[in-house]
file model-v8.cif (mmCIF, C-alpha atoms)
data_model
loop_
_atom_site.label_atom_id
_atom_site.label_comp_id
_atom_site.auth_asym_id
_atom_site.auth_seq_id
_atom_site.Cartn_x
_atom_site.Cartn_y
_atom_site.Cartn_z
CA MET Z 1 191.44 -45.29 -105.58
CA SER Z 2 189.46 -43.12 -107.91
CA GLY Z 3 192.00 -42.94 -110.73
CA ASN Z 4 191.58 -39.17 -110.96
CA PHE Z 5 195.08 -38.21 -109.84
CA GLN Z 6 196.36 -35.15 -111.68
CA PHE Z 7 200.15 -34.93 -111.78
CA SER Z 8 201.54 -31.40 -112.06
CA ILE Z 9 203.47 -32.36 -115.21
CA PRO Z 10 201.19 -32.96 -118.20
CA PRO Z 11 201.21 -36.66 -119.20
CA ASP Z 12 202.59 -35.91 -122.67
CA GLN Z 13 205.61 -34.17 -121.08
CA VAL Z 14 206.51 -36.82 -118.47
CA GLU Z 15 208.44 -38.89 -121.04
CA THR Z 16 210.72 -35.94 -121.81
CA GLU Z 17 211.28 -34.77 -118.22
CA PHE Z 18 215.04 -34.81 -117.72
CA SER Z 19 214.98 -36.91 -114.57
CA VAL Z 20 212.70 -39.47 -116.26
CA LEU Z 21 215.04 -39.63 -119.27
CA ILE Z 22 218.08 -40.16 -117.03
CA PHE Z 23 216.33 -42.88 -115.06
CA ASP Z 24 215.14 -44.58 -118.27
CA LEU Z 25 218.69 -44.48 -119.66
CA TYR Z 26 220.02 -46.01 -116.45
CA LEU Z 27 217.52 -48.87 -116.67
CA LEU Z 28 218.19 -49.43 -120.37
CA TYR Z 29 221.97 -49.43 -119.85
CA ARG Z 30 221.54 -52.00 -117.07
CA LYS Z 31 219.32 -54.19 -119.23
CA TYR Z 32 221.72 -54.00 -122.19
CA PHE Z 33 224.74 -54.76 -119.99
CA ASN Z 34 223.00 -57.69 -118.28
CA ARG Z 35 221.99 -59.18 -121.62
CA GLN Z 36 225.50 -58.87 -123.07
CA MET Z 37 227.29 -60.15 -119.95
CA LYS Z 38 224.97 -63.06 -119.19
CA GLY Z 39 227.49 -65.60 -120.51
CA MET Z 40 230.15 -64.25 -118.15
CA SER Z 41 227.85 -64.36 -115.13
CA LEU Z 42 228.37 -60.70 -114.30
CA THR Z 43 225.45 -58.36 -113.60
CA SER Z 44 225.31 -54.59 -113.91
CA VAL Z 45 225.00 -54.29 -110.11
CA GLN Z 46 228.13 -56.39 -109.68
CA TRP Z 47 229.90 -54.35 -112.36
CA GLN Z 48 229.08 -51.13 -110.48
CA VAL Z 49 230.91 -52.52 -107.46
CA LEU Z 50 233.81 -53.86 -109.52
CA SER Z 51 234.18 -50.58 -111.42
CA SER Z 52 234.39 -48.69 -108.12
CA LEU Z 53 237.25 -51.04 -107.18
CA VAL Z 54 238.95 -50.57 -110.56
CA ARG Z 55 239.21 -46.89 -109.60
CA ASN Z 56 239.86 -47.47 -105.87
CA ASP Z 57 241.18 -50.99 -105.27
CA GLY Z 58 241.56 -51.81 -101.58
CA ILE Z 59 238.92 -49.47 -100.19
CA THR Z 60 236.68 -50.57 -97.35
CA GLN Z 61 233.22 -52.07 -97.74
CA THR Z 62 231.75 -48.87 -96.28
CA GLU Z 63 233.65 -46.76 -98.81
CA VAL Z 64 232.29 -48.92 -101.65
CA ALA Z 65 228.74 -48.32 -100.38
CA ASP Z 66 229.40 -44.58 -100.05
CA LEU Z 67 230.86 -44.32 -103.57
CA LEU Z 68 227.82 -46.07 -105.02
CA ASN Z 69 225.32 -44.18 -102.86
CA LYS Z 70 223.91 -47.50 -101.70
CA GLY Z 71 223.22 -49.07 -98.34
CA LYS Z 72 225.85 -51.16 -96.61
CA SER Z 73 223.64 -54.25 -96.49
CA PRO Z 74 222.86 -54.48 -100.23
CA VAL Z 75 226.50 -53.75 -101.08
CA GLY Z 76 227.59 -56.37 -98.55
CA LYS Z 77 225.39 -58.95 -100.27
CA THR Z 78 226.81 -58.02 -103.66
CA LEU Z 79 230.33 -58.31 -102.23
CA ASP Z 80 229.43 -61.75 -100.85
CA SER Z 81 228.39 -62.95 -104.31
CA LEU Z 82 231.45 -61.38 -105.95
CA GLU Z 83 233.73 -63.03 -103.42
CA SER Z 84 232.04 -66.42 -103.86
CA ALA Z 85 232.50 -66.11 -107.62
CA GLY Z 86 236.18 -65.20 -107.25
CA TRP Z 87 235.97 -61.59 -108.49
CA ILE Z 88 237.17 -60.03 -105.21
CA VAL Z 89 238.83 -60.86 -101.91
CA ARG Z 90 238.21 -59.14 -98.59
CA LYS Z 91 241.04 -58.71 -96.13
CA PRO Z 92 241.07 -57.32 -92.60
CA ASN Z 93 242.15 -53.70 -92.37
CA SER Z 94 245.63 -53.32 -90.86
CA LYS Z 95 244.44 -50.60 -88.45
CA ASP Z 96 241.06 -52.06 -87.48
CA ARG Z 97 240.53 -55.81 -87.85
CA ARG Z 98 236.72 -55.32 -87.80
CA VAL Z 99 236.97 -53.38 -91.05
CA LYS Z 100 237.40 -55.24 -94.34
CA ASN Z 101 239.25 -53.87 -97.35
CA VAL Z 102 238.11 -55.11 -100.75
CA PHE Z 103 240.53 -56.07 -103.52
CA LEU Z 104 240.04 -57.18 -107.11
CA THR Z 105 241.37 -60.57 -108.17
CA ASP Z 106 242.94 -61.41 -111.52
CA LYS Z 107 239.59 -62.77 -112.73
CA LEU Z 108 238.50 -59.33 -113.96
CA GLN Z 109 241.72 -58.97 -115.95
CA ALA Z 110 240.92 -62.24 -117.71
CA ILE Z 111 237.65 -60.87 -119.14
CA ASP Z 112 238.91 -57.33 -119.76
CA PRO Z 113 238.83 -57.59 -123.58
CA GLU Z 114 235.24 -58.89 -123.62
CA LEU Z 115 234.11 -56.41 -120.98
CA THR Z 116 235.72 -53.52 -122.84
CA ASN Z 117 233.96 -54.61 -126.04
CA VAL Z 118 230.58 -54.79 -124.29
CA LEU Z 119 231.01 -51.33 -122.73
CA SER Z 120 232.22 -49.82 -126.03
CA ASP Z 121 229.40 -51.46 -127.96
CA MET Z 122 226.81 -50.25 -125.45
CA ASN Z 123 228.07 -46.67 -125.77
CA ARG Z 124 228.24 -46.94 -129.56
CA VAL Z 125 224.60 -48.09 -129.68
CA ALA Z 126 223.43 -45.34 -127.29
CA GLU Z 127 225.38 -42.59 -129.08
CA ALA Z 128 224.63 -43.77 -132.64
CA ASP Z 129 222.60 -40.80 -133.88
CA LEU Z 130 224.56 -38.05 -132.14
CA ASP Z 131 227.27 -36.07 -133.91
CA ASP Z 132 230.49 -35.31 -132.03
CA ALA Z 133 229.44 -31.78 -131.10
CA SER Z 134 226.08 -32.90 -129.70
CA LEU Z 135 227.68 -35.77 -127.82
CA GLY Z 136 230.26 -33.41 -126.33
CA GLN Z 137 227.50 -31.08 -125.14
CA VAL Z 138 225.53 -33.96 -123.61
CA LYS Z 139 228.60 -35.23 -121.74
CA SER Z 140 229.57 -31.75 -120.53
CA GLY Z 141 226.05 -31.08 -119.33
CA LEU Z 142 225.84 -34.41 -117.51
CA VAL Z 143 229.16 -33.77 -115.76
CA VAL Z 144 227.90 -30.38 -114.54
CA MET Z 145 224.60 -31.89 -113.39
CA ARG Z 146 226.38 -34.69 -111.53
CA GLU Z 147 228.56 -32.16 -109.71
CA ASN Z 148 225.53 -29.99 -108.87
CA LEU Z 149 223.77 -32.96 -107.28
CA ARG Z 150 226.92 -34.06 -105.43
CA ARG Z 151 227.26 -30.58 -103.95
CA ALA Z 152 223.59 -30.55 -102.98
CA LEU Z 153 224.05 -33.85 -101.14
CA THR Z 154 227.07 -32.76 -99.07
#

call {"tool": "encode", "arguments": {"input": "model-v8.cif", "output": "structure tokens"}}
result
Amino acid sequence: MSGNFQFSIPPDQVETEFSVLIFDLYLLYRKYFNRQMKGMSLTSVQWQVLSSLVRNDGITQTEVADLLNKGKSPVGKTLDSLESAGWIVRKPNSKDRRVKNVFLTDKLQAIDPELTNVLSDMNRVAEADLDDASLGQVKSGLVVMRENLRRALT
């Protein structure tokens, strides 16, 4: 390698590229969440799966993977660890016994106050220097961008 690669975006602008900012935020949110939840033995990856079940309890393993835009194998491994830890149970589908539906257990309810505090605190830290109008614009813009990308992927 010569080390002479010239990226089409000037180096001083890469840090402020929107996609780079979004990816950085994602990584920082994960790191913050993992640090705060360490005592409860719950990772951000596990929380992504659990939060999909909070919204859609009883969906199939495949539907969990689809909702999270992740492969079936990595999601299956996460489900294995969640089941071993007592966060979820998997039950055979009533129409197709090969298919497993995934259900939350009461364990999540037991940590709901702490989890809610961590999530609220994380948002409070991230949003600290934004006024309500700016925050509203950021959220509205992100919702539009998410829908644009969803449409592009269908």

call {"tool": "residues_around", "arguments": {"input": "model-v8.cif", "residues": "segment 116-124 of chain Z", "least_positions_apart": "2", "cutoff": "8 Å", "atoms": "all atoms listed in the file", "output": "ChimeraX atom specification"}}
result
/Z:29,32-33,36-37,112-114,126-128

call {"tool": "resolve_selection", "arguments": {"input": "model-v8.cif", "expression": "the PyMOL selection byres ((chain Z and resi 103) around 8)", "output": "number ranges by chain"}}
result
Z: 53, 57-59, 88-91, 101-102, 104-105

call {"tool": "atom_distance", "arguments": {"input": "model-v8.cif", "atom1": "atom CA of Leu27 of chain Z", "atom2": "atom CA of Asp12 of chain Z"}}
result
20.7 Å

call {"tool": "residues_around", "arguments": {"input": "model-v8.cif", "residues": "Leu142 of chain Z", "least_positions_apart": "5", "cutoff": "12 Å", "atoms": "only C-alpha atoms", "output": "PyMOL selection string"}}
result
chain Z and resi 18-19+22+135-137+147-149

call {"tool": "atom_distance", "arguments": {"input": "model-v8.cif", "atom1": "atom CA of Ser52 of chain Z", "atom2": "atom CA of Lys72 of chain Z"}}
result
14.5 Å

call {"tool": "atom_distance", "arguments": {"input": "model-v8.cif", "atom1": "atom CA of Thr43 of chain Z", "atom2": "atom CA of Leu115 of chain Z"}}
result
11.5 Å

call {"tool": "closest_residue", "arguments": {"input": "model-v8.cif", "among": "Z:Arg35, Z:Glu63, Z:Val49, Z:Lys100", "to": "Trp87 of chain Z", "atoms": "all atoms listed in the file"}}
result
Z:Val49

call {"tool": "closest_residue", "arguments": {"input": "model-v8.cif", "among": "Z:Val144, Z:Arg55, Z:Ser44, Z:Arg150", "to": "Leu28 of chain Z", "atoms": "all atoms listed in the file"}}
result
Z:Ser44

call {"tool": "closest_residue", "arguments": {"input": "model-v8.cif", "among": "Z:Ser140, Z:Ile111, Z:Gln61, Z:Leu67", "to": "Pro92 of chain Z", "atoms": "only C-alpha atoms"}}
result
Z:Gln61

call {"tool": "closest_residue", "arguments": {"input": "model-v8.cif", "among": "Z:Ser94, Z:Gln6, Z:Thr154, Z:Ser134", "to": "Thr60 of chain Z", "atoms": "only C-alpha atoms"}}
result
Z:Ser94

call {"tool": "residues_around", "arguments": {"input": "model-v8.cif", "residues": "Ser73 of chain Z", "least_positions_apart": "5", "cutoff": "12 Å", "atoms": "all atoms listed in the file", "output": "MDAnalysis selection string"}}
result
chainID Z and resid 61:62 64:66 78:80
